[in-house]
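Right, one structure below, let's go through it.
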Amino acid sequence: MTERTSAGNADAGPREARSAALRADIAILERYTDQPAALPRALRASIERRFLGRPVQIYALADLDASLRLTETWLALGARELAVASLQGDRPEIRTFPRSAVKGVRFEPGLTCNVLTLLGEPGEPALARLRFTHRQRRAMENVQFALEQDLEGRAVEAEDPDALYAEGVAGPIRDAQALVAGNDVAVLWRLLGYLRPYRGQVAFGMASAAVLTLLSLVPPYLTGWLIDEVVRPVQAGTRGLADVRETAWWIVGAIAGAHLLRQLCAWARLRWMAILGEHVARDLRTELYEHLQKLSLAFYSRKKTGSLITRVTADTDRLWEFLALGVVDVSLAVIQLVGLGAVLLYLDWKLGLVMVLPIPLLCVWVYVHGERMNELFLRAWRKWSRVTDVVADTIPGMRVVKAFHQEQREKGRFGERNQAATDEFNRIHDTWTSFWPALMLAVRAMIVAVWVFAVPRLLGPGEAPGTLSSGTFVAFLLYLTMFMPPIEIIGQIARIMNRATSSAHRIFEVLDTEPQVVDRSAAVRLEPVQGAVRFENVAFGYDGVRQVIRGVSFDVKPGEVIGLVGPSGGGKTTVTNLIARFYDPTAGRLTIDGVDLRDLDQGHYRRQIGMVLQDPYLFHGTVLENITYGKHDASLDEAVAAARAANAHDFVCQLPHGYETLVGERGHTLSGGERQRISIARAILHDPRILILDEATSSVDTETEYKIQEALDRLVAGRTVFAIAHRLSTLRRATRLFVIEDGKLTEQGTHAELLALSGGTYRRLYGMQRQLTAESGSQGEAALEKEVA
Amino acid sequence: MSDGTTLDKPETEDAELRLERRADGQLWAVLGARAAPVWVRRCFPWTAPARFVSLRDGDEEEVALVRDLDELEPDSRRALEASLAEAGFVLEIVSVESVEDEIEIRTFAVRTRQGPRRFQTLRDEWPRPMPGGGILLRDVAGDLYLVRDPAKLDRASHAHLWPLLD
């Protein structure tokens with residue numbers, strides 16, 4: 001079950017979400033793979049005919065044949081039959097079996113080829129051996145799960161077999177790629193939509209930039225005019241100095257004015273657009289961060305933390321760059337080139353063509369160079385990542401390096417990779433240092449060509465047709481110097497757009513993800529929460545088929561302390577996640593004080609929930625800020641009282657700045673036990689009605705465990721508590737113990753009652769731990785005996 | 001899966017090991033009167049694929065370690081090789097039609113020895129250099145693609161892969 005498909009099963013919204021998800025997954029399959037987006041319609045019809053009209057309930061593709069060539073073989077399950085259909089020839093080869101013929105299922109993972117064997121009677125040949133790549137694995141595991149459940153007498157039916165298949169195959173690609181935002185043009189428009197609140201500033205910034213561009217065309221023109229209409233006539237004696245002096249000064253003044261105004265526009269454009277870009281980046285960051293707070297845990301389990309951090313920081317920053325500079329630069333580069341071409345053609349169309357015709361070729365050349373540089377950078381980044389790998393490896397592991405006296409080897413390893421990276425960077429330098437002079441040479445060649453074409457005409461008689469005036473030629477030369485910057489920008493348009501749309505995709509993907517757990521319109525607030533927790537035949541699965549919790553029912557009274565025990569992966573943490581409403585059940589009902597949890601106001605309810613986890617998370621800040629995280633208005637007295645109750649006060653007082661000591665990122669300046677006690681103090685101050693303890697003492701030494709246990713004993717008083725522990729001795733305060741195995745509640749009762757169950761899981765686990773403790777020493781044995789007593 | 005007799009480790013060191021594929025396709029290790037279904041794991045899949053093959057039971061306990069396939073009698077060797085062919089299989093790229101970078105992934109359109117295939121890798125997941133000069137690509141689903149000798153690829157394929165080669 002994914003974020004997009006599981007917003008509950010009571011409303012119409014999720015149905016639409018599921019159908020949108022299916023469309024997205026099909027689009028991924030069609031765009032990124034060569035395999036069908038669903039079981040082919042004709043084949044499905046053939047299979048269903050063999051199933052006597054009963055529909056295909058679930059299916060998967062086996063894409064390798066017996067000789068390990070890529071192929072198309074479908075495994076499809078109906079209510080009573082299963083079919084293996086191979087599409088190698090013109091006609092499909094379909095084999096069907098009754099599902100009851102499957103006596104076992106065997107899965108063998110490989111490097112790339114996995115094998116699912118459908119076993120018949122013992123000693124008989126397998127019914128089918130299906131080979132498939134990892135791409136098909138999720139979909140095939142769904143089929144495997146359904147068959148295994150069948151063998152245990154439980155029927156599993158997929159709500160939508162097409163969706164399940166498509167999600168299974170498209171899942172890895174979807175998780176790796178931000179796809180929800182649509183195509184690049186749509187993304188770009190959507191991004192520009194963020195400028196809407198700042199229309200006035202955008203218009204002003206763009207107008208400034210446009211005026212700036214146009215003004216830059218003025219001084220060369222005026223210069224040419226000054227030469228032709230003032231300087232040359234005076235030098236030739238056709239006009240008197242007195243006649244033209246005033247005109248000359250006006251033109252010089254106009255040139256100065258144009259330059260001044262141009263710089264004023266440049267200032268306005270830079271300032272307005274930079275500030276505007278910051279506003280948009282801030283708006284995006286805020287929207288993104290606020291949305292991230294709404295998203296459910298399923299989203300965070302799918303996306304890497306680093307990737308999400310990059311989206312909030314680097315991607316929004318990159319968009320600032322694009323909005324502040326890129327949009328204007330690109331637009332104006334085009335305007336400037338068109339403007340320059342127009343002016344040159346206007347001044348002298350023959351000479352203008354000499355300059356204008358090669359421009360598209362230069363743009364293509366710059367583009368090709370950019371592509372080449374991308375390839376070179378890719379190589380260089382790859383080599384550079386190897387350099388950073390060595391550094392990241394050896395610096396934290398320096399004790400090991402020294403202990404094994406491997407300094408020379410590490411120096412050699414680093415030196416080798418450093419040299420390889422340097423070679424790549426030098427290759428980049430070789431390329432760009434060759435390219436730019438070559439490009440300049442081409443531009444100079446164009447200028448020389450202008451001279452070649454211009455000189456004969458310059459030397460012609462003044463009034464003859466085709467003669468070029470000195471002023472026009474000087475203006476030409478001045479315009480020629482303005483060609484390079486827009487060519488460079490146009491050559492980089494693809495890169496600029498690509499960077500911006502990539503960042504926008506990543507940001508919009510998060511913004512477009514709907515929270516899985518949502519409040520209903522008339523959400524209820526329990527004032528106060530008493531802490532009665534009831535599971536009524538609750539089932540839950542993280543995906544569409546496999547249920548992690550299956551038909552769990554129990555009733556917990558306010559103030560009870562429930563110990564959750566059982567093997568790893570059995571579903572204990574999922575039970576607590578459901579109680580905290582990180583997820584909603586897929587079936588059944590979970591009530592708090594008799595009210596369906598889905599009807600409760602999430603925010604209000606979570607304020608009544610406290611959690612102490614195995615790896616307590618402390619935020620960067622002071623000890624005090626961490627203790628008061630759930631209750632910002634707590635007084636100093638309350639904070640100290642909570643720390644005392646959590647056995648944290650003494651060690652906090654020994655810290656250099658007491659409660660105002662800064663704890664490092666994730667609390668790493670403190671020991672595990674210290675962090676745990678601060679998290680307990682935080683929970684005590686939060687004063688929850690329902691408390692969840694998830695392996696709170698599992699990773700600390702005995703003395704610390706004793707202190708934490710003492711603190712927990714104070715914390716649990718008067719609250720409904722669900723405590724998960726592998727060390728069963730830590731559950732001595734539990735009023736009841738629930739054994740959760742394979743998603744089911746298999747045993748419940750007091751410690752004594754469960755020990756009395758012959759062949760019971762709790763009794764077995766307890767016996768094993770007791771034996772381990774006995775083997776580890778008489779002290780441990782004595783302690784355990786004492787706890788049991 | 002541990003539905004057969006488990007073999008005690010010390011015994012496997014001394015007794016002669018026989019391997020056989022049974023009707024259901026499962027590989028079984030037989031040592032004297034004892035037999036157990038086993039799964040194969042290559043210890044050095046790239047540098048020594050025919051040496052140090054670990055035979056493991058359903059609980060991932062080692063039943064026997066085959067140091068060299070040559071040590072086995074021919075039938076056992078054939079049975080083991082058949083299992084290794086599946087377990088150690090990777091797709092082998094023979095030509096590259098295109099490599100396209102997208103937002104966070106890189107899409108390869110290739111022809112493999114097993115047929116045409118399009119796949120995606122993460123953009124920051126670099127190919128793994130292999131002993132002997134090849135490279136190994138891993139796609140987002142976990143499938144592996146081997147380019148045995150990039151120098152032998154045709155010119156266009158080599159050009160597509162060039163940024164990713166040493």
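By convention in this document, the chains of the structure tokens carry letters A, B, ... by their order, each chain's residues are numbered from 1, and ligands are numbered from 1 in the order they are shown.
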If we count only C-alpha atoms and set the cut-off at 10 Å, which residues sit around Leu69 in chain B, ignoring sequence neighbours fewer than 5 positions away in its own chain? Please answer as number ranges by chain.
B: 49-53, 74, 76-78, 80-81
With C-alpha atoms kept, could you save the residues just selected as a tab-separated table (two decimals), in the first residue's frame?
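Below you can see result-v8.tsv, which holds the result:
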chain	number	residue	atom	x	y	z
B	49	PRO	CA	33.05	-18.12	-10.36
B	50	ALA	CA	34.00	-21.81	-10.52
B	51	ARG	CA	35.58	-21.90	-7.10
B	52	PHE	CA	34.33	-21.56	-3.54
B	53	VAL	CA	30.68	-22.31	-3.99
B	74	PRO	CA	30.81	-35.21	-13.51
B	76	SER	CA	27.40	-33.62	-9.50
B	77	ARG	CA	29.30	-30.97	-11.37
B	78	ARG	CA	26.62	-30.78	-14.06
B	80	LEU	CA	25.76	-27.73	-9.65
B	81	GLU	CA	26.52	-25.89	-12.87
Residues of chain B within 6 Å of chain A, counting only C-alpha atoms, what are they? List them as a list in words.
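Interface list for chain B against chain A: Ala23, Asp24, Glu86, Ala87, Gly88, Phe89, Val90, Ile103, Glu104, Gln114, Gly115, Arg118, Val140, Ala141, Gly142, Asp143, Leu144 and Pro163 of chain B.
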Could you list, as a ChimeraX atom specification, every residue within 9 Å of range 342-357 of chain A, counting only C-alpha atoms and ignoring same-chain residues fewer than 4 positions away?
/A:217,221,337-338,361,443,446-447,449-450,453-454,468,472,475-476,479-480
Write the residues you've just listed into a file as a PDB file, in the first residue's frame, and include N, CA and C atoms for each of them.
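File written: again.pdb
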ATOM      1  N   LEU A 217      21.931  49.165 -27.459  1.00  0.00           N
ATOM      2  CA  LEU A 217      22.084  49.307 -28.916  1.00  0.00           C
ATOM      3  C   LEU A 217      22.284  50.771 -29.335  1.00  0.00           C
ATOM      4  N   TYR A 221      25.139  53.222 -32.290  1.00  0.00           N
ATOM      5  CA  TYR A 221      24.441  53.915 -33.371  1.00  0.00           C
ATOM      6  C   TYR A 221      24.785  55.407 -33.359  1.00  0.00           C
ATOM      7  N   LEU A 337      20.003  39.315 -29.577  1.00  0.00           N
ATOM      8  CA  LEU A 337      20.520  38.812 -30.853  1.00  0.00           C
ATOM      9  C   LEU A 337      19.649  39.273 -32.020  1.00  0.00           C
ATOM     10  N   VAL A 338      18.333  39.181 -31.808  1.00  0.00           N
ATOM     11  CA  VAL A 338      17.415  39.617 -32.866  1.00  0.00           C
ATOM     12  C   VAL A 338      17.601  41.112 -33.107  1.00  0.00           C
ATOM     13  N   LEU A 361      25.027  29.062 -36.693  1.00  0.00           N
ATOM     14  CA  LEU A 361      26.085  28.035 -36.622  1.00  0.00           C
ATOM     15  C   LEU A 361      26.850  28.137 -35.308  1.00  0.00           C
ATOM     16  N   VAL A 443      34.748  34.313 -34.208  1.00  0.00           N
ATOM     17  CA  VAL A 443      34.126  35.642 -34.163  1.00  0.00           C
ATOM     18  C   VAL A 443      35.066  36.676 -34.797  1.00  0.00           C
ATOM     19  N   MET A 446      34.892  36.498 -38.360  1.00  0.00           N
ATOM     20  CA  MET A 446      33.728  37.211 -38.873  1.00  0.00           C
ATOM     21  C   MET A 446      34.022  38.713 -38.956  1.00  0.00           C
ATOM     22  N   ILE A 447      34.728  39.179 -37.920  1.00  0.00           N
ATOM     23  CA  ILE A 447      35.067  40.613 -37.921  1.00  0.00           C
ATOM     24  C   ILE A 447      36.002  40.923 -39.097  1.00  0.00           C
ATOM     25  N   ALA A 449      36.135  39.250 -41.777  1.00  0.00           N
ATOM     26  CA  ALA A 449      35.314  39.169 -42.989  1.00  0.00           C
ATOM     27  C   ALA A 449      34.576  40.489 -43.216  1.00  0.00           C
ATOM     28  N   VAL A 450      34.106  41.066 -42.105  1.00  0.00           N
ATOM     29  CA  VAL A 450      33.448  42.373 -42.203  1.00  0.00           C
ATOM     30  C   VAL A 450      34.427  43.384 -42.790  1.00  0.00           C
ATOM     31  N   PHE A 453      35.001  42.746 -46.493  1.00  0.00           N
ATOM     32  CA  PHE A 453      33.905  43.257 -47.319  1.00  0.00           C
ATOM     33  C   PHE A 453      33.792  44.780 -47.236  1.00  0.00           C
ATOM     34  N   ALA A 454      34.213  45.320 -46.087  1.00  0.00           N
ATOM     35  CA  ALA A 454      33.972  46.744 -45.852  1.00  0.00           C
ATOM     36  C   ALA A 454      35.032  47.638 -46.490  1.00  0.00           C
ATOM     37  N   LEU A 468      30.671  52.724 -48.211  1.00  0.00           N
ATOM     38  CA  LEU A 468      30.309  52.570 -46.786  1.00  0.00           C
ATOM     39  C   LEU A 468      30.861  53.754 -46.017  1.00  0.00           C
ATOM     40  N   THR A 472      29.143  54.367 -40.123  1.00  0.00           N
ATOM     41  CA  THR A 472      28.418  53.089 -40.135  1.00  0.00           C
ATOM     42  C   THR A 472      29.372  51.947 -39.785  1.00  0.00           C
ATOM     43  N   ALA A 475      30.183  51.941 -36.102  1.00  0.00           N
ATOM     44  CA  ALA A 475      29.021  51.414 -35.372  1.00  0.00           C
ATOM     45  C   ALA A 475      28.984  49.894 -35.493  1.00  0.00           C
ATOM     46  N   PHE A 476      29.270  49.399 -36.674  1.00  0.00           N
ATOM     47  CA  PHE A 476      29.337  47.960 -36.904  1.00  0.00           C
ATOM     48  C   PHE A 476      30.326  47.297 -35.949  1.00  0.00           C
ATOM     49  N   TYR A 479      29.043  47.127 -32.520  1.00  0.00           N
ATOM     50  CA  TYR A 479      28.004  46.104 -32.364  1.00  0.00           C
ATOM     51  C   TYR A 479      28.595  44.698 -32.345  1.00  0.00           C
ATOM     52  N   LEU A 480      29.665  44.509 -33.093  1.00  0.00           N
ATOM     53  CA  LEU A 480      30.276  43.167 -33.153  1.00  0.00           C
ATOM     54  C   LEU A 480      30.701  42.686 -31.780  1.00  0.00           C
TER      55      LEU A 480
END
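Going from CA of Gly610 in chain A over to CA of Leu288 in chain A, you cover 26.6 Å.
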Enumerate the residues of range 535-783 of chain A with a DSSP assignment of strand (DSSP E or B), computed from the backbone, and present them as a PyMOL selection string.
chain A and resi 535-540+549-556+561-565+587-592+595-596+600+609-612+621-622+662-663+690-694+720-724+736-741+744-749
Which residues come within 9 Å of Tyr145 in chain B, counting only C-alpha atoms, excluding same-chain residues fewer than 5 positions away, as an MDAnalysis selection string?
(chainID A and resid 112) or (chainID B and resid 90:93 112 135:139)
With all heavy atoms retained, write the just-selected residues as a JSON list (two decimals), in the first residue's frame.
[["chain", "number", "residue", "atom", "x", "y", "z"],
["A", 112, "THR", "N", 20.27, -11.99, -10.69],
["A", 112, "THR", "CA", 19.30, -11.32, -11.54],
["A", 112, "THR", "C", 18.13, -12.24, -11.86],
["A", 112, "THR", "O", 17.01, -11.79, -12.05],
["A", 112, "THR", "CB", 19.97, -10.85, -12.85],
["A", 112, "THR", "OG1", 20.88, -9.81, -12.53],
["A", 112, "THR", "CG2", 18.96, -10.31, -13.85],
["B", 90, "VAL", "N", 23.39, -13.02, -15.01],
["B", 90, "VAL", "CA", 23.19, -11.58, -15.19],
["B", 90, "VAL", "C", 22.98, -11.33, -16.69],
["B", 90, "VAL", "O", 23.46, -12.09, -17.52],
["B", 90, "VAL", "CB", 24.38, -10.71, -14.68],
["B", 90, "VAL", "CG1", 24.55, -10.82, -13.19],
["B", 90, "VAL", "CG2", 25.67, -11.08, -15.39],
["B", 91, "LEU", "N", 22.26, -10.27, -16.99],
["B", 91, "LEU", "CA", 22.05, -9.93, -18.41],
["B", 91, "LEU", "C", 23.35, -9.37, -18.97],
["B", 91, "LEU", "O", 24.04, -8.61, -18.27],
["B", 91, "LEU", "CB", 20.93, -8.90, -18.53],
["B", 91, "LEU", "CG", 19.54, -9.45, -18.12],
["B", 91, "LEU", "CD1", 18.66, -8.35, -17.57],
["B", 91, "LEU", "CD2", 18.87, -10.14, -19.30],
["B", 92, "GLU", "N", 23.68, -9.75, -20.19],
["B", 92, "GLU", "CA", 24.97, -9.31, -20.76],
["B", 92, "GLU", "C", 24.72, -8.37, -21.94],
["B", 92, "GLU", "O", 24.12, -8.77, -22.95],
["B", 92, "GLU", "CB", 25.80, -10.51, -21.19],
["B", 92, "GLU", "CG", 27.20, -10.10, -21.56],
["B", 92, "GLU", "CD", 28.06, -11.29, -21.96],
["B", 92, "GLU", "OE1", 27.76, -12.42, -21.54],
["B", 92, "GLU", "OE2", 29.03, -11.06, -22.71],
["B", 93, "ILE", "N", 25.17, -7.17, -21.81],
["B", 93, "ILE", "CA", 24.94, -6.16, -22.85],
["B", 93, "ILE", "C", 25.90, -6.39, -24.02],
["B", 93, "ILE", "O", 27.11, -6.52, -23.82],
["B", 93, "ILE", "CB", 25.14, -4.75, -22.27],
["B", 93, "ILE", "CG1", 24.04, -4.45, -21.24],
["B", 93, "ILE", "CG2", 25.14, -3.69, -23.37],
["B", 93, "ILE", "CD1", 24.20, -3.16, -20.49],
["B", 112, "THR", "N", 20.79, -7.11, -25.19],
["B", 112, "THR", "CA", 21.58, -8.02, -24.38],
["B", 112, "THR", "C", 21.65, -9.35, -25.11],
["B", 112, "THR", "O", 20.91, -9.58, -26.07],
["B", 112, "THR", "CB", 20.93, -8.26, -22.99],
["B", 112, "THR", "OG1", 19.72, -9.00, -23.17],
["B", 112, "THR", "CG2", 20.63, -6.95, -22.29],
["B", 135, "ILE", "N", 32.36, -3.78, -17.03],
["B", 135, "ILE", "CA", 31.63, -2.99, -16.04],
["B", 135, "ILE", "C", 30.29, -3.66, -15.76],
["B", 135, "ILE", "O", 29.76, -4.40, -16.61],
["B", 135, "ILE", "CB", 31.38, -1.53, -16.49],
["B", 135, "ILE", "CG1", 30.61, -1.48, -17.81],
["B", 135, "ILE", "CG2", 32.66, -0.73, -16.56],
["B", 135, "ILE", "CD1", 30.05, -0.10, -18.13],
["B", 136, "LEU", "N", 29.78, -3.40, -14.57],
["B", 136, "LEU", "CA", 28.51, -3.99, -14.16],
["B", 136, "LEU", "C", 27.56, -2.85, -13.79],
["B", 136, "LEU", "O", 27.89, -2.00, -12.96],
["B", 136, "LEU", "CB", 28.74, -4.89, -12.94],
["B", 136, "LEU", "CG", 27.59, -5.80, -12.54],
["B", 136, "LEU", "CD1", 27.39, -6.90, -13.58],
["B", 136, "LEU", "CD2", 27.86, -6.42, -11.17],
["B", 137, "LEU", "N", 26.41, -2.83, -14.44],
["B", 137, "LEU", "CA", 25.40, -1.81, -14.14],
["B", 137, "LEU", "C", 24.29, -2.45, -13.32],
["B", 137, "LEU", "O", 23.94, -3.62, -13.54],
["B", 137, "LEU", "CB", 24.81, -1.27, -15.44],
["B", 137, "LEU", "CG", 25.77, -0.52, -16.36],
["B", 137, "LEU", "CD1", 25.30, -0.61, -17.80],
["B", 137, "LEU", "CD2", 25.89, 0.92, -15.93],
["B", 138, "ARG", "N", 23.73, -1.69, -12.41],
["B", 138, "ARG", "CA", 22.63, -2.21, -11.57],
["B", 138, "ARG", "C", 21.44, -1.29, -11.75],
["B", 138, "ARG", "O", 21.55, -0.07, -11.54],
["B", 138, "ARG", "CB", 23.08, -2.21, -10.10],
["B", 138, "ARG", "CG", 22.08, -2.77, -9.14],
["B", 138, "ARG", "CD", 22.66, -2.72, -7.73],
["B", 138, "ARG", "NE", 21.75, -3.25, -6.77],
["B", 138, "ARG", "CZ", 20.75, -2.56, -6.23],
["B", 138, "ARG", "NH1", 20.58, -1.30, -6.56],
["B", 138, "ARG", "NH2", 19.94, -3.12, -5.35],
["B", 139, "ASP", "N", 20.32, -1.82, -12.17],
["B", 139, "ASP", "CA", 19.16, -0.95, -12.41],
["B", 139, "ASP", "C", 18.37, -0.73, -11.12],
["B", 139, "ASP", "O", 18.69, -1.29, -10.07],
["B", 139, "ASP", "CB", 18.31, -1.46, -13.58],
["B", 139, "ASP", "CG", 17.44, -2.65, -13.22],
["B", 139, "ASP", "OD1", 17.35, -3.01, -12.03],
["B", 139, "ASP", "OD2", 16.82, -3.22, -14.14]]
Find the residues around range 618-621 of chain A up to 12 Å (only C-alpha atoms counted), leave out those fewer than 2 positions away in its own chain, and share them as a compact mmCIF listing (two decimals) with N, CA and C atoms, in the first residue's frame.
# COMPACT_ATOMS: atom_id res chain seq x y z
N VAL A 612 8.57 6.62 23.22
CA VAL A 612 9.99 6.53 23.55
C VAL A 612 10.53 5.38 22.70
N LEU A 613 11.45 5.72 21.80
CA LEU A 613 11.90 4.73 20.81
C LEU A 613 13.28 4.20 21.15
N ASP A 615 15.96 4.22 19.32
CA ASP A 615 17.00 5.19 18.98
C ASP A 615 16.39 6.58 19.12
N PRO A 616 16.45 7.14 20.33
CA PRO A 616 15.73 8.40 20.55
C PRO A 616 16.30 9.51 19.68
N VAL A 623 19.58 21.08 25.61
CA VAL A 623 18.91 20.00 26.32
C VAL A 623 17.50 20.46 26.71
N LEU A 624 17.40 21.71 27.17
CA LEU A 624 16.10 22.24 27.59
C LEU A 624 15.11 22.25 26.43
N GLU A 625 15.57 22.70 25.27
CA GLU A 625 14.67 22.75 24.10
C GLU A 625 14.19 21.34 23.74
N ASN A 626 15.05 20.37 23.91
CA ASN A 626 14.65 19.00 23.60
C ASN A 626 13.65 18.46 24.62
N ILE A 627 13.86 18.80 25.88
CA ILE A 627 12.92 18.31 26.90
C ILE A 627 11.55 18.95 26.72
N THR A 628 11.54 20.22 26.35
CA THR A 628 10.25 20.92 26.24
C THR A 628 9.69 20.89 24.82
N TYR A 629 10.19 19.97 23.99
CA TYR A 629 9.79 19.93 22.58
C TYR A 629 8.28 19.79 22.42
N TYR A 659 21.46 22.68 31.44
CA TYR A 659 20.31 22.47 30.56
C TYR A 659 20.45 23.26 29.26
N GLU A 660 21.40 24.19 29.26
CA GLU A 660 21.58 24.98 28.04
C GLU A 660 22.75 24.49 27.19
N THR A 661 23.17 23.26 27.46
CA THR A 661 24.21 22.64 26.63
C THR A 661 23.59 22.30 25.28
N LEU A 662 24.34 22.63 24.24
CA LEU A 662 23.85 22.26 22.90
C LEU A 662 24.14 20.80 22.64
N VAL A 663 23.12 20.08 22.22
CA VAL A 663 23.38 18.70 21.81
C VAL A 663 23.59 18.74 20.30
N GLY A 664 24.53 17.92 19.82
CA GLY A 664 24.87 17.96 18.39
C GLY A 664 23.76 17.40 17.56
N GLU A 665 24.04 17.30 16.26
CA GLU A 665 23.06 16.77 15.34
C GLU A 665 22.63 15.38 15.81
N ARG A 666 21.35 15.15 15.89
CA ARG A 666 20.76 13.91 16.39
C ARG A 666 21.25 13.55 17.79
N GLY A 667 21.70 14.54 18.53
CA GLY A 667 22.08 14.28 19.91
C GLY A 667 23.37 13.51 20.07
N HIS A 668 24.25 13.61 19.09
CA HIS A 668 25.43 12.74 19.10
C HIS A 668 26.49 13.11 20.11
N THR A 669 26.34 14.24 20.80
CA THR A 669 27.34 14.53 21.83
C THR A 669 27.00 13.81 23.12
N LEU A 670 25.85 13.17 23.18
CA LEU A 670 25.45 12.45 24.38
C LEU A 670 25.52 10.94 24.14
N SER A 671 25.62 10.18 25.23
CA SER A 671 25.62 8.72 25.06
C SER A 671 24.20 8.24 24.78
N GLY A 672 24.08 6.98 24.38
CA GLY A 672 22.76 6.43 24.06
C GLY A 672 21.82 6.49 25.26
N GLU A 674 22.00 8.53 27.82
CA GLU A 674 21.66 9.93 28.14
C GLU A 674 20.58 10.45 27.19
N ARG A 675 20.75 10.13 25.93
CA ARG A 675 19.74 10.56 24.96
C ARG A 675 18.37 9.95 25.30
N GLN A 676 18.42 8.69 25.71
CA GLN A 676 17.17 8.01 26.02
C GLN A 676 16.48 8.67 27.21
N ARG A 677 17.28 9.07 28.22
CA ARG A 677 16.67 9.67 29.41
C ARG A 677 16.10 11.06 29.09
N ILE A 678 16.76 11.77 28.17
CA ILE A 678 16.19 13.07 27.76
C ILE A 678 14.88 12.84 27.01
N SER A 679 14.84 11.79 26.21
CA SER A 679 13.59 11.54 25.47
C SER A 679 12.49 11.11 26.44
N ILE A 680 12.87 10.44 27.53
CA ILE A 680 11.85 10.08 28.53
C ILE A 680 11.36 11.34 29.25
N ALA A 681 12.29 12.23 29.56
CA ALA A 681 11.89 13.50 30.19
C ALA A 681 10.93 14.25 29.27
N ARG A 682 11.23 14.23 27.99
CA ARG A 682 10.36 14.88 27.00
C ARG A 682 8.96 14.26 27.03
Please provide as an MDAnalysis selection string all residues within 8 Å of Gly133 in chain B, with the sequence filter that same-chain residues fewer than 5 positions apart are discarded (counting only C-alpha atoms).
chainID B and resid 148:150
Give me a file of those residues, with all heavy atoms, as a PDB file, in the first residue's frame.
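Done, and the output landed in result.pdb:
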ATOM      1  N   ARG B 148      30.932  -7.085 -20.773  1.00  0.00           N
ATOM      2  CA  ARG B 148      32.111  -7.919 -20.513  1.00  0.00           C
ATOM      3  C   ARG B 148      33.396  -7.228 -20.950  1.00  0.00           C
ATOM      4  O   ARG B 148      34.371  -7.216 -20.212  1.00  0.00           O
ATOM      5  CB  ARG B 148      31.947  -9.268 -21.241  1.00  0.00           C
ATOM      6  CG  ARG B 148      32.811 -10.353 -20.680  1.00  0.00           C
ATOM      7  CD  ARG B 148      32.456 -11.690 -21.278  1.00  0.00           C
ATOM      8  NE  ARG B 148      31.197 -12.223 -20.791  1.00  0.00           N
ATOM      9  CZ  ARG B 148      31.036 -12.812 -19.602  1.00  0.00           C
ATOM     10  NH1 ARG B 148      32.049 -12.931 -18.787  1.00  0.00           N
ATOM     11  NH2 ARG B 148      29.862 -13.276 -19.234  1.00  0.00           N
ATOM     12  N   ASP B 149      33.368  -6.644 -22.137  1.00  0.00           N
ATOM     13  CA  ASP B 149      34.563  -5.964 -22.625  1.00  0.00           C
ATOM     14  C   ASP B 149      34.141  -4.719 -23.412  1.00  0.00           C
ATOM     15  O   ASP B 149      33.843  -4.801 -24.610  1.00  0.00           O
ATOM     16  CB  ASP B 149      35.368  -6.918 -23.522  1.00  0.00           C
ATOM     17  CG  ASP B 149      36.695  -6.310 -23.929  1.00  0.00           C
ATOM     18  OD1 ASP B 149      36.922  -5.114 -23.623  1.00  0.00           O
ATOM     19  OD2 ASP B 149      37.502  -7.022 -24.550  1.00  0.00           O
ATOM     20  N   PRO B 150      34.104  -3.580 -22.747  1.00  0.00           N
ATOM     21  CA  PRO B 150      33.618  -2.361 -23.427  1.00  0.00           C
ATOM     22  C   PRO B 150      34.392  -2.049 -24.704  1.00  0.00           C
ATOM     23  O   PRO B 150      33.823  -1.509 -25.651  1.00  0.00           O
ATOM     24  CB  PRO B 150      33.845  -1.269 -22.378  1.00  0.00           C
ATOM     25  CG  PRO B 150      33.868  -1.990 -21.082  1.00  0.00           C
ATOM     26  CD  PRO B 150      34.444  -3.339 -21.349  1.00  0.00           C
TER      27      PRO B 150
END
Show me, as JSON, numbers by chain, the residues that have an atom within 9 Å of Glu62 in chain B when counting only C-alpha atoms, minus same-chain residues fewer than 5 positions from it.
{"B": [9, 38, 54, 55, 56, 57]}
